[in-house]
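Written below as structure tokens is the structure these notes are about.
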Amino acid sequence: MNVAYFSPLPPERSGVSDYSALLLPALQERVEVTLARRGARKPPRGTDVALYHVGNNPDAHAWIVDALRRAPGVVVLHDFVLHHLVAGITIGRRDGHGYLDIMEREHGVVGRLLAHGVLDKRIPPLWESRPEDFPLASVVLDHATGLIVHSRTVRDGARAAGFGGPIWTIPHPAWPVPDVAPERIGSGTVVGCFGVVNSSKRIPELLRAFARVRKQADAMLLLVGPTSPGFDLDRRLQRLGLVHEGLVQEGWVDESRLWALMAGADVCVNLRHPTMGETSGSVIRALSLGKPLVVSDVGWFSELPVDVALKIPVDDREVDTLASSLELLVTRDDVRTEMGQAAAGLARREHDLGHVADLYVAALEEAAGGDAVGEAVLGEVSRAAADVGISADTSEAQEIARRLAEVELGR
Amino acid sequence: MRIAVCRPQVPFARGGAEIFTDRLVAELRERGHEADLVTVPFKWYPGARVLTQAFLWRMLDLDEADGRPIDLVVGTKFPSYLVRHRNKRVWLVHQFRQAYELDGTELAQFGDSTEDRALRRKVQALDRVALGEATRLFATSRNVAERLAGSAGLTAEVLPHPPQELDYRCEGYGDFVLSVNRLDRAKRIDLLLDAAAHDASLEAVIAGEGPDRERLEALSRQRGLDGRIRFTGRVSEDELADLYGRCLGVFYAPVDEDFGMVPFEAFLSEKPVVTTTDAGGPLEVVAHGQTGVVVPPDADALARAVAWLREHREEAGQLGRAGKAIAAGVTWDRAIERLLV
């Protein structure tokens with residue numbers, strides 16, 4: 001089997017690019033893979049099935065969606081909310097009508113009116129203000145012959161959006177842990193938060209909760225990642241008295257330092273709201289390192305087993321719950337150890353790169369020849385039914401169809 | 001309870017699964033249950049026939065029979081466990097091995113075409129659904145359970161069952177090794193013939209029928225093994241018990257076998273088992289130097305192992321008797337109690 005592989009790739013910097021850099025070698029050990037060059041309009045010749053990696057970033061994925069529209073194939077849906085991508089391939093190309101149409105198709109007349117509001121600059125761009133309410137995933141679902149997703153959240157979202165094709169849920173692969181010395185930033189318990197510093201990562205809530213923990217225990221907060229423009233971190237820190245002690249902030253760091261700092265942390269926090277249905281590379285790395293986790297109880301993060309992550313509901317008690325969860329982990333090294341062991345076990349069991357690549361091969365094999373098999377099965381069953389006088393519109397035929405669907409032989 | 005034991009039927013063929021399920025029905029009846037065997041013919045080729053024939057099981061309605069409910073169904077071997085029932089237990093003999101560990105080997109069924117690859121995946125998907133529906137899932141051996149866990153992520157309890165009922169006895173340790181098997185390539189009878197070619201003193205009786213018999217007999221003739229290797233074809237239960245009773249030991253070395261009842265039958269006759277390091281299930285009870293001899297899958301090593309048994313008949317008896325103690329612990333009482341709990 002030869003797989004046409006559409007994805008952003010290094011040196012392009014994106015989460016999906018990193019993902020493919022990790023997955024590709026393992027996939028190439030198992031099947032033939034032909035990489036589609038950036039901007040390719042259709043799958044390379046001689047390939048049996050096309051695999052399209054799609055995320056929400058239009059700069060990285062617009063060309064991939066263009067190719068998907070010309071040649072349907074299997075889509076790896078890295079985000080369920082694709083509003084930003086849609087805006088990029090419609091408004092970004094001066095195709096306002098395209099934006100109006102997809103908003104109307106997914107959200108009716110109200111959607112079209114809101115889209116007009118965006119185009120006329122009467123309301124803020126929806127991909128910035130309310131993307132989760134208008135995911136616009138049909139831009140790829142309409143052309144996908146099958147979906148690979150990383151979570152039940154995205155699988156359920158795709159089904160709710162009416163996608164009827166096969167969906168394979170394949171965990172995000174784990175990176176091999178590099179041989180780096182842990183970098184400790186302080187003597188107390190270190191709580192690390194890795195990723196962009198902004199409101200959707202719940203940094204304000206984290207800072208408020210951590211300020212409370214600091215009053216009770218010897219702990220340090222480590223923020224690693226660039227601060228989003230417009231997010232006034234310094235003012236918030238001053239207000240909470242975390243400026244000179246209790247907090248270390250690093251901006252963007254390279255991969256090696258990221259691993260070193262994460263290895264030196266005792267607890268990893270990864271909060272967010274809203275979620276676009278994405279997984280988190282930081283969380284996967286933390287699992288590999290065997291770090292206990294604190295996450296928001298949303299999307300994919302909710303699916304993490306309870307023995308590896310404390311989950312914080314996004315509600316009016318969020319800061320209280322977060323503070324007590326952090327306090328527990330900061331003060332109880334036995335709990336940290338137990339959760340850390342469970343995390344490392346989960347990474348080995350579910351996120352092993354070889355295991356993930358095997359699941360990809362299984363999905364792609366099913367996708368490449370599945371139609372032919374389905375036709376053969378349905379043809380033989382329907383011929384046998386017709387031979388004994390069961391025609392397509394009878395209740396008997398419906399029962400046969402139900403039974404076929406139960407064992408995934410229906411179409 | 002009213003219990004339907006489900007088993008696919010390959011017309012004109014009979015092997016371990018048939019013996020097991022027939023016996024299970026009889027044992028259930030002996031314990032006061034109303035048990036019956038449900039069979040559907042199964043042909044797994046060509047192409048998508050493996051799926052359409054398997055699907056026949058899905059159309060059966062075993063909720064009740066003759067106006068009275070069936071309390072429990074027991075699926076055993078692919079594809080019988082596709083049957084639908086509110087209380088479906090599976091006592092897994094084996095999956096469709098061509099879709100799993102035999103893929104890519106000389107025993108493979110599915111080729112490299114995209115359709116064949118997808119067909120194989122569909123069989124695996126069927127298993128995930130059908131076995132996932134079971135209210136309890138048992139496997140006849142650890143090997144079968146491990147394969148299931150590795151391929152479908154499902155956990156099965158290991159539940160071995162006793163071998164067929166024969167008049168097991170030991171009448172000494174004769175000069176021949178006994179092979180009891182269906183004659184097909186997976187059972188690796190070739191290895192025994194190769195060993196006989198290596199060692200002119202090796203004698204063997206090969207009991208059983210199968211599609212590979214003609215080739216094996218021709219091979220035996222070509223190698224000049226006539227007189228030392230005897231093919232008996234299918235034998236009666238009395239003849240089989242007699243062969244077990246008189247043999248030196250029992251050769252049993254299929255490739256990665258599910259489990260196989262032959263080691264237990266050998267043990268109940270107080271005979272050691274000669275097997276190979278890659279035999280799979282048999283290694284769960286055949287331990288080198290304890291209940292048999294385990295050698296690499298190599299004709300010379302096998303020949304030497306048989307020669308050692310011939311020269312150490314006392315030790316052969318000790319190994320066989322140690323095996324008997326293991327086999328005696330596997331009873332229908334225990335197995336059925338766990339199955340029905």
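Going by the structure tokens order, chains are called A, B, ..., each with residues numbered from 1, while ligands are numbered from 1 in the order shown.
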
When you look at Leu240 in chain B with a cut-off of 10 Å (counting only C-alpha atoms), what residues show up, excluding the ones that are within fewer than 3 positions of it in the same chain? I need them as a tab-separated table (two decimals) with C-alpha atoms, in the first residue's frame.
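around.tsv written:
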```tsv
chain	number	residue	atom	x	y	z
B	166	LEU	CA	-10.37	-42.01	26.12
B	167	ASP	CA	-9.30	-45.12	27.92
B	168	TYR	CA	-6.00	-43.49	28.85
B	178	LEU	CA	3.45	-40.62	18.25
B	180	VAL	CA	-1.63	-36.93	16.69
B	207	ALA	CA	-2.16	-40.44	13.26
B	208	GLY	CA	-4.67	-38.13	11.64
B	234	ARG	CA	-7.87	-41.28	11.23
B	235	VAL	CA	-7.97	-43.85	14.03
B	236	SER	CA	-10.75	-44.94	16.34
B	237	GLU	CA	-10.78	-43.86	19.97
B	243	LEU	CA	-1.12	-45.79	20.52
B	244	TYR	CA	-0.83	-43.32	23.38
B	245	GLY	CA	-0.44	-46.22	25.79
B	265	GLU	CA	-3.85	-36.63	26.22
```

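Near chain A, counting only C-alpha atoms at 6 Å, the chain B residues are Thr52, Thr114, Glu115, Arg117, Ala118, Arg121 and Leu126 of chain B.
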
Output N, CA and C atoms for every residue in that selection, as a PDB file, in the first residue's frame.
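Writing the result to result_6.pdb gives the following:
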```pdb
ATOM      1  N   THR B  52     -19.045 -12.868   4.560  1.00  0.00           N
ATOM      2  CA  THR B  52     -20.472 -13.166   4.346  1.00  0.00           C
ATOM      3  C   THR B  52     -20.874 -14.454   5.059  1.00  0.00           C
ATOM      4  N   THR B 114      -4.943  -4.148  -2.007  1.00  0.00           N
ATOM      5  CA  THR B 114      -5.653  -3.279  -1.055  1.00  0.00           C
ATOM      6  C   THR B 114      -6.938  -3.959  -0.582  1.00  0.00           C
ATOM      7  N   GLU B 115      -7.576  -4.717  -1.463  1.00  0.00           N
ATOM      8  CA  GLU B 115      -8.816  -5.386  -1.058  1.00  0.00           C
ATOM      9  C   GLU B 115      -8.533  -6.466  -0.001  1.00  0.00           C
ATOM     10  N   ARG B 117      -6.011  -6.584   2.034  1.00  0.00           N
ATOM     11  CA  ARG B 117      -5.607  -5.937   3.299  1.00  0.00           C
ATOM     12  C   ARG B 117      -6.842  -5.447   4.070  1.00  0.00           C
ATOM     13  N   ALA B 118      -7.770  -4.862   3.299  1.00  0.00           N
ATOM     14  CA  ALA B 118      -8.989  -4.350   3.952  1.00  0.00           C
ATOM     15  C   ALA B 118      -9.845  -5.493   4.490  1.00  0.00           C
ATOM     16  N   ARG B 121      -8.582  -6.531   7.769  1.00  0.00           N
ATOM     17  CA  ARG B 121      -8.960  -5.562   8.806  1.00  0.00           C
ATOM     18  C   ARG B 121     -10.436  -5.697   9.174  1.00  0.00           C
ATOM     19  N   LEU B 126     -14.709  -7.249  12.979  1.00  0.00           N
ATOM     20  CA  LEU B 126     -15.780  -8.162  13.405  1.00  0.00           C
ATOM     21  C   LEU B 126     -15.484  -8.714  14.786  1.00  0.00           C
TER      22      LEU B 126
END
```

Near range 69-78 of chain A, within 6 Å and counting only C-alpha atoms, which residues show up once chain neighbours fewer than 6 positions away are dropped, as a ChimeraX atom specification? /A:50-55,143-149,278

Include N, CA and C atoms and write out the residues we just selected as a PDB file, in the first residue's frame.
```
ATOM      1  N   ALA A  50      -5.118   8.553   0.125  1.00  0.00           N
ATOM      2  CA  ALA A  50      -4.541   9.849   0.513  1.00  0.00           C
ATOM      3  C   ALA A  50      -4.869  10.144   1.965  1.00  0.00           C
ATOM      4  N   LEU A  51      -3.879  10.680   2.671  1.00  0.00           N
ATOM      5  CA  LEU A  51      -4.017  11.007   4.088  1.00  0.00           C
ATOM      6  C   LEU A  51      -3.753  12.505   4.247  1.00  0.00           C
ATOM      7  N   TYR A  52      -4.769  13.226   4.739  1.00  0.00           N
ATOM      8  CA  TYR A  52      -4.687  14.679   4.847  1.00  0.00           C
ATOM      9  C   TYR A  52      -4.679  15.095   6.317  1.00  0.00           C
ATOM     10  N   HIS A  53      -3.622  15.744   6.743  1.00  0.00           N
ATOM     11  CA  HIS A  53      -3.594  16.269   8.117  1.00  0.00           C
ATOM     12  C   HIS A  53      -4.182  17.672   8.110  1.00  0.00           C
ATOM     13  N   VAL A  54      -5.238  17.860   8.904  1.00  0.00           N
ATOM     14  CA  VAL A  54      -5.908  19.157   8.900  1.00  0.00           C
ATOM     15  C   VAL A  54      -6.011  19.699  10.328  1.00  0.00           C
ATOM     16  N   GLY A  55      -5.537  20.923  10.485  1.00  0.00           N
ATOM     17  CA  GLY A  55      -5.695  21.649  11.744  1.00  0.00           C
ATOM     18  C   GLY A  55      -6.304  23.012  11.460  1.00  0.00           C
ATOM     19  N   HIS A 143     -15.790  16.075   2.558  1.00  0.00           N
ATOM     20  CA  HIS A 143     -14.902  15.484   1.553  1.00  0.00           C
ATOM     21  C   HIS A 143     -14.093  14.302   2.085  1.00  0.00           C
ATOM     22  N   ALA A 144     -14.253  14.013   3.358  1.00  0.00           N
ATOM     23  CA  ALA A 144     -13.451  12.932   3.955  1.00  0.00           C
ATOM     24  C   ALA A 144     -14.119  11.575   3.711  1.00  0.00           C
ATOM     25  N   THR A 145     -13.327  10.608   3.282  1.00  0.00           N
ATOM     26  CA  THR A 145     -13.859   9.237   3.158  1.00  0.00           C
ATOM     27  C   THR A 145     -13.765   8.516   4.498  1.00  0.00           C
ATOM     28  N   GLY A 146     -12.933   9.027   5.383  1.00  0.00           N
ATOM     29  CA  GLY A 146     -12.799   8.477   6.726  1.00  0.00           C
ATOM     30  C   GLY A 146     -12.073   9.497   7.571  1.00  0.00           C
ATOM     31  N   LEU A 147     -12.196   9.359   8.874  1.00  0.00           N
ATOM     32  CA  LEU A 147     -11.548  10.318   9.775  1.00  0.00           C
ATOM     33  C   LEU A 147     -10.647   9.589  10.753  1.00  0.00           C
ATOM     34  N   ILE A 148      -9.489  10.164  10.987  1.00  0.00           N
ATOM     35  CA  ILE A 148      -8.656   9.733  12.115  1.00  0.00           C
ATOM     36  C   ILE A 148      -8.697  10.867  13.135  1.00  0.00           C
ATOM     37  N   VAL A 149      -9.086  10.525  14.351  1.00  0.00           N
ATOM     38  CA  VAL A 149      -9.167  11.540  15.402  1.00  0.00           C
ATOM     39  C   VAL A 149      -8.361  11.044  16.603  1.00  0.00           C
ATOM     40  N   GLU A 278      -8.650  19.943  20.409  1.00  0.00           N
ATOM     41  CA  GLU A 278      -7.279  19.526  20.153  1.00  0.00           C
ATOM     42  C   GLU A 278      -6.713  18.663  21.284  1.00  0.00           C
TER      43      GLU A 278
END
```

Who sits within 8 Å of range 7-10 of chain B, only C-alpha atoms, same chain under 6 positions skipped, as a PyMOL selection string: chain B and resi 17-18+21+37-43+75-80

Using only C-alpha atoms, determine which residues lie at most 12 Å from Leu28 in chain B, disregarding the query and same-chain residues fewer than 4 positions distant; provide the list as a list in words. Met1, Arg2, Ile3, Ala4, Val5, Thr21, Asp22, Arg23, Leu24, Gly32, His33, Glu34, Ala35, Asp36, Leu37, Val74, Trp332, Asp333, Ala335, Ile336, Glu337, Leu339 and Leu340 of chain B

Restricting it to C-alpha atoms, dump the selection as a PDB file, in the first residue's frame.
```pdb
ATOM      1  CA  MET B   1     -30.373 -23.579  32.249  1.00  0.00           C
ATOM      2  CA  ARG B   2     -31.053 -23.777  28.546  1.00  0.00           C
ATOM      3  CA  ILE B   3     -27.702 -23.372  26.876  1.00  0.00           C
ATOM      4  CA  ALA B   4     -26.785 -23.217  23.182  1.00  0.00           C
ATOM      5  CA  VAL B   5     -23.160 -24.075  22.438  1.00  0.00           C
ATOM      6  CA  THR B  21     -17.809 -28.636  21.899  1.00  0.00           C
ATOM      7  CA  ASP B  22     -19.411 -32.077  21.658  1.00  0.00           C
ATOM      8  CA  ARG B  23     -17.985 -32.883  25.048  1.00  0.00           C
ATOM      9  CA  LEU B  24     -19.063 -29.548  26.504  1.00  0.00           C
ATOM     10  CA  GLY B  32     -28.756 -31.194  34.501  1.00  0.00           C
ATOM     11  CA  HIS B  33     -28.699 -28.403  31.935  1.00  0.00           C
ATOM     12  CA  GLU B  34     -30.655 -28.491  28.739  1.00  0.00           C
ATOM     13  CA  ALA B  35     -27.810 -28.022  26.291  1.00  0.00           C
ATOM     14  CA  ASP B  36     -27.623 -28.269  22.547  1.00  0.00           C
ATOM     15  CA  LEU B  37     -25.104 -27.674  19.812  1.00  0.00           C
ATOM     16  CA  VAL B  74     -21.529 -20.009  24.328  1.00  0.00           C
ATOM     17  CA  TRP B 332     -15.013 -30.413  33.584  1.00  0.00           C
ATOM     18  CA  ASP B 333     -16.436 -29.730  37.034  1.00  0.00           C
ATOM     19  CA  ALA B 335     -14.392 -25.537  33.959  1.00  0.00           C
ATOM     20  CA  ILE B 336     -18.190 -25.553  33.875  1.00  0.00           C
ATOM     21  CA  GLU B 337     -18.476 -23.981  37.274  1.00  0.00           C
ATOM     22  CA  LEU B 339     -18.193 -20.846  32.724  1.00  0.00           C
ATOM     23  CA  LEU B 340     -21.628 -20.568  34.267  1.00  0.00           C
TER      24      LEU B 340
END
```

DSSP helix (DSSP H, G or I) residues within range 202-308 of chain A, listed as a PyMOL selection string: chain A and resi 203-216+233-240+255-264+281-288+299-302

DSSP says strand (DSSP E or B) for which residues of range 64-287 of chain A? Put them as a ChimeraX atom specification? /A:73-77,144-149,167-169,189-194,197,219-224,227,247-250,267-270

Got a sec: who's within 10 Å of range 274-286 of chain B, counting only C-alpha atoms, leaving out chain neighbours fewer than 5 positions off, as a PDB file with N, CA and C atoms, in the first residue's frame?
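Wrote it out as around-v9.pdb, contents follow:
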```
ATOM      1  N   THR B 140      -9.194 -20.619  25.893  1.00  0.00           N
ATOM      2  CA  THR B 140      -8.799 -21.974  26.274  1.00  0.00           C
ATOM      3  C   THR B 140      -7.353 -22.051  26.742  1.00  0.00           C
ATOM      4  N   SER B 141      -6.577 -21.010  26.449  1.00  0.00           N
ATOM      5  CA  SER B 141      -5.178 -21.026  26.903  1.00  0.00           C
ATOM      6  C   SER B 141      -4.676 -19.606  27.072  1.00  0.00           C
ATOM      7  N   ARG B 142      -3.551 -19.502  27.743  1.00  0.00           N
ATOM      8  CA  ARG B 142      -2.931 -18.186  27.917  1.00  0.00           C
ATOM      9  C   ARG B 142      -2.517 -17.610  26.568  1.00  0.00           C
ATOM     10  N   ASN B 143      -2.063 -18.487  25.686  1.00  0.00           N
ATOM     11  CA  ASN B 143      -1.638 -18.045  24.364  1.00  0.00           C
ATOM     12  C   ASN B 143      -2.784 -17.379  23.608  1.00  0.00           C
ATOM     13  N   VAL B 144      -3.944 -18.006  23.662  1.00  0.00           N
ATOM     14  CA  VAL B 144      -5.121 -17.445  22.990  1.00  0.00           C
ATOM     15  C   VAL B 144      -5.513 -16.120  23.647  1.00  0.00           C
ATOM     16  N   VAL B 177       7.736 -42.620  18.456  1.00  0.00           N
ATOM     17  CA  VAL B 177       7.051 -41.421  18.935  1.00  0.00           C
ATOM     18  C   VAL B 177       5.746 -41.296  18.153  1.00  0.00           C
ATOM     19  N   LEU B 178       4.779 -40.724  18.835  1.00  0.00           N
ATOM     20  CA  LEU B 178       3.446 -40.619  18.245  1.00  0.00           C
ATOM     21  C   LEU B 178       3.156 -39.159  17.910  1.00  0.00           C
ATOM     22  N   SER B 179       2.593 -38.968  16.712  1.00  0.00           N
ATOM     23  CA  SER B 179       2.096 -37.638  16.356  1.00  0.00           C
ATOM     24  C   SER B 179       0.590 -37.754  16.153  1.00  0.00           C
ATOM     25  N   LYS B 187       0.737 -27.787  11.347  1.00  0.00           N
ATOM     26  CA  LYS B 187       1.060 -28.744  12.411  1.00  0.00           C
ATOM     27  C   LYS B 187       2.512 -29.199  12.343  1.00  0.00           C
ATOM     28  N   ARG B 188       3.181 -28.867  11.260  1.00  0.00           N
ATOM     29  CA  ARG B 188       4.632 -29.066  11.116  1.00  0.00           C
ATOM     30  C   ARG B 188       5.071 -30.527  11.297  1.00  0.00           C
ATOM     31  N   GLY B 249       6.902 -41.401  23.480  1.00  0.00           N
ATOM     32  CA  GLY B 249       6.549 -40.018  23.825  1.00  0.00           C
ATOM     33  C   GLY B 249       5.718 -39.474  22.679  1.00  0.00           C
ATOM     34  N   VAL B 250       5.255 -38.245  22.850  1.00  0.00           N
ATOM     35  CA  VAL B 250       4.368 -37.666  21.839  1.00  0.00           C
ATOM     36  C   VAL B 250       5.003 -36.407  21.265  1.00  0.00           C
ATOM     37  N   PHE B 251       5.078 -36.396  19.926  1.00  0.00           N
ATOM     38  CA  PHE B 251       5.591 -35.209  19.233  1.00  0.00           C
ATOM     39  C   PHE B 251       4.431 -34.266  18.971  1.00  0.00           C
ATOM     40  N   TYR B 252       4.589 -33.015  19.392  1.00  0.00           N
ATOM     41  CA  TYR B 252       3.522 -32.038  19.159  1.00  0.00           C
ATOM     42  C   TYR B 252       4.159 -30.667  19.041  1.00  0.00           C
ATOM     43  N   ALA B 253       4.298 -30.182  17.798  1.00  0.00           N
ATOM     44  CA  ALA B 253       5.023 -28.926  17.604  1.00  0.00           C
ATOM     45  C   ALA B 253       4.427 -28.088  16.478  1.00  0.00           C
ATOM     46  N   PRO B 254       3.128 -27.782  16.555  1.00  0.00           N
ATOM     47  CA  PRO B 254       2.575 -26.864  15.549  1.00  0.00           C
ATOM     48  C   PRO B 254       3.217 -25.485  15.696  1.00  0.00           C
ATOM     49  N   VAL B 255       3.008 -24.635  14.714  1.00  0.00           N
ATOM     50  CA  VAL B 255       3.555 -23.282  14.790  1.00  0.00           C
ATOM     51  C   VAL B 255       2.604 -22.431  15.629  1.00  0.00           C
ATOM     52  N   ASP B 256       3.111 -21.920  16.740  1.00  0.00           N
ATOM     53  CA  ASP B 256       2.335 -21.008  17.590  1.00  0.00           C
ATOM     54  C   ASP B 256       0.897 -21.487  17.774  1.00  0.00           C
ATOM     55  N   GLU B 257       0.757 -22.698  18.244  1.00  0.00           N
ATOM     56  CA  GLU B 257      -0.568 -23.304  18.406  1.00  0.00           C
ATOM     57  C   GLU B 257      -1.369 -22.592  19.493  1.00  0.00           C
ATOM     58  N   ASP B 258      -2.683 -22.616  19.326  1.00  0.00           N
ATOM     59  CA  ASP B 258      -3.561 -22.007  20.332  1.00  0.00           C
ATOM     60  C   ASP B 258      -3.291 -22.669  21.687  1.00  0.00           C
ATOM     61  N   PHE B 259      -3.512 -23.949  21.722  1.00  0.00           N
ATOM     62  CA  PHE B 259      -3.204 -24.736  22.908  1.00  0.00           C
ATOM     63  C   PHE B 259      -3.079 -26.197  22.495  1.00  0.00           C
ATOM     64  N   GLY B 260      -4.195 -26.768  22.092  1.00  0.00           N
ATOM     65  CA  GLY B 260      -4.138 -28.155  21.647  1.00  0.00           C
ATOM     66  C   GLY B 260      -4.313 -29.096  22.805  1.00  0.00           C
ATOM     67  N   MET B 261      -5.088 -30.127  22.584  1.00  0.00           N
ATOM     68  CA  MET B 261      -5.379 -31.086  23.640  1.00  0.00           C
ATOM     69  C   MET B 261      -4.370 -32.218  23.691  1.00  0.00           C
ATOM     70  N   VAL B 262      -3.544 -32.303  22.658  1.00  0.00           N
ATOM     71  CA  VAL B 262      -2.627 -33.440  22.580  1.00  0.00           C
ATOM     72  C   VAL B 262      -1.715 -33.559  23.807  1.00  0.00           C
ATOM     73  N   PRO B 263      -1.130 -32.446  24.295  1.00  0.00           N
ATOM     74  CA  PRO B 263      -0.277 -32.617  25.486  1.00  0.00           C
ATOM     75  C   PRO B 263      -1.029 -33.227  26.671  1.00  0.00           C
ATOM     76  N   PHE B 264      -2.257 -32.800  26.909  1.00  0.00           N
ATOM     77  CA  PHE B 264      -3.018 -33.377  28.014  1.00  0.00           C
ATOM     78  C   PHE B 264      -3.286 -34.863  27.778  1.00  0.00           C
ATOM     79  N   PHE B 267      -0.145 -36.668  28.492  1.00  0.00           N
ATOM     80  CA  PHE B 267       0.112 -36.705  29.937  1.00  0.00           C
ATOM     81  C   PHE B 267      -0.780 -37.739  30.636  1.00  0.00           C
ATOM     82  N   THR B 291       8.062 -31.864  32.193  1.00  0.00           N
ATOM     83  CA  THR B 291       6.957 -32.672  31.648  1.00  0.00           C
ATOM     84  C   THR B 291       7.228 -33.092  30.213  1.00  0.00           C
ATOM     85  N   GLY B 292       8.374 -32.735  29.700  1.00  0.00           N
ATOM     86  CA  GLY B 292       8.700 -33.097  28.317  1.00  0.00           C
ATOM     87  C   GLY B 292      10.045 -32.557  27.915  1.00  0.00           C
ATOM     88  N   VAL B 293      10.240 -32.473  26.601  1.00  0.00           N
ATOM     89  CA  VAL B 293      11.491 -31.966  26.065  1.00  0.00           C
ATOM     90  C   VAL B 293      11.150 -30.840  25.092  1.00  0.00           C
ATOM     91  N   VAL B 294      11.769 -29.694  25.296  1.00  0.00           N
ATOM     92  CA  VAL B 294      11.514 -28.541  24.424  1.00  0.00           C
ATOM     93  C   VAL B 294      12.805 -28.227  23.679  1.00  0.00           C
ATOM     94  N   VAL B 295      12.730 -28.261  22.360  1.00  0.00           N
ATOM     95  CA  VAL B 295      13.935 -28.053  21.551  1.00  0.00           C
ATOM     96  C   VAL B 295      13.676 -26.936  20.537  1.00  0.00           C
ATOM     97  N   PRO B 296      14.731 -26.374  19.971  1.00  0.00           N
ATOM     98  CA  PRO B 296      14.519 -25.406  18.889  1.00  0.00           C
ATOM     99  C   PRO B 296      13.839 -26.115  17.708  1.00  0.00           C
ATOM    100  N   PRO B 297      13.149 -25.366  16.850  1.00  0.00           N
ATOM    101  CA  PRO B 297      12.481 -25.992  15.703  1.00  0.00           C
ATOM    102  C   PRO B 297      13.489 -26.418  14.649  1.00  0.00           C
ATOM    103  N   ASP B 298      14.183 -27.457  14.965  1.00  0.00           N
ATOM    104  CA  ASP B 298      15.327 -27.866  14.155  1.00  0.00           C
ATOM    105  C   ASP B 298      15.356 -29.399  14.146  1.00  0.00           C
ATOM    106  N   ALA B 301      17.987 -31.195  16.351  1.00  0.00           N
ATOM    107  CA  ALA B 301      17.677 -31.099  17.782  1.00  0.00           C
ATOM    108  C   ALA B 301      16.528 -32.033  18.138  1.00  0.00           C
ATOM    109  N   LEU B 302      15.547 -32.106  17.261  1.00  0.00           N
ATOM    110  CA  LEU B 302      14.404 -32.978  17.525  1.00  0.00           C
ATOM    111  C   LEU B 302      14.846 -34.442  17.532  1.00  0.00           C
ATOM    112  N   ALA B 305      16.529 -35.206  20.697  1.00  0.00           N
ATOM    113  CA  ALA B 305      15.587 -35.276  21.830  1.00  0.00           C
ATOM    114  C   ALA B 305      14.895 -36.635  21.874  1.00  0.00           C
ATOM    115  N   VAL B 306      14.488 -37.123  20.715  1.00  0.00           N
ATOM    116  CA  VAL B 306      13.804 -38.423  20.669  1.00  0.00           C
ATOM    117  C   VAL B 306      14.788 -39.537  21.068  1.00  0.00           C
ATOM    118  N   LEU B 309      15.153 -39.663  24.774  1.00  0.00           N
ATOM    119  CA  LEU B 309      14.023 -40.332  25.434  1.00  0.00           C
ATOM    120  C   LEU B 309      14.166 -41.849  25.316  1.00  0.00           C
ATOM    121  N   LEU B 319       8.792 -37.826  33.441  1.00  0.00           N
ATOM    122  CA  LEU B 319       8.252 -36.612  32.804  1.00  0.00           C
ATOM    123  C   LEU B 319       6.759 -36.781  32.538  1.00  0.00           C
ATOM    124  N   GLY B 323       3.488 -34.750  34.084  1.00  0.00           N
ATOM    125  CA  GLY B 323       2.456 -34.140  33.237  1.00  0.00           C
ATOM    126  C   GLY B 323       1.075 -34.597  33.644  1.00  0.00           C
ATOM    127  N   ILE B 326      -0.544 -32.579  36.216  1.00  0.00           N
ATOM    128  CA  ILE B 326      -1.086 -31.293  35.729  1.00  0.00           C
ATOM    129  C   ILE B 326      -2.424 -31.526  35.035  1.00  0.00           C
ATOM    130  N   ALA B 327      -2.446 -32.512  34.137  1.00  0.00           N
ATOM    131  CA  ALA B 327      -3.667 -32.769  33.354  1.00  0.00           C
ATOM    132  C   ALA B 327      -4.827 -33.163  34.264  1.00  0.00           C
TER     133      ALA B 327
END
```

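Separating CA of Pro305 in chain A from CA of Arg285 in chain A is a distance of 15.9 Å.
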
Spatial neighbours of range 194-204 of chain B, max dist 9 Å, only C-alpha atoms, sep filter under 4 positions, as a ChimeraX atom specification: /B:175-179,189-190,220,223-225,227-231,247,251,298-304,306-307

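When only C-alpha atoms are used to measure the gap to Arg97 in chain B, the shortest distance among B:Arg136, B:Phe110, B:Gly174, B:Val73 belongs to B:Phe110.
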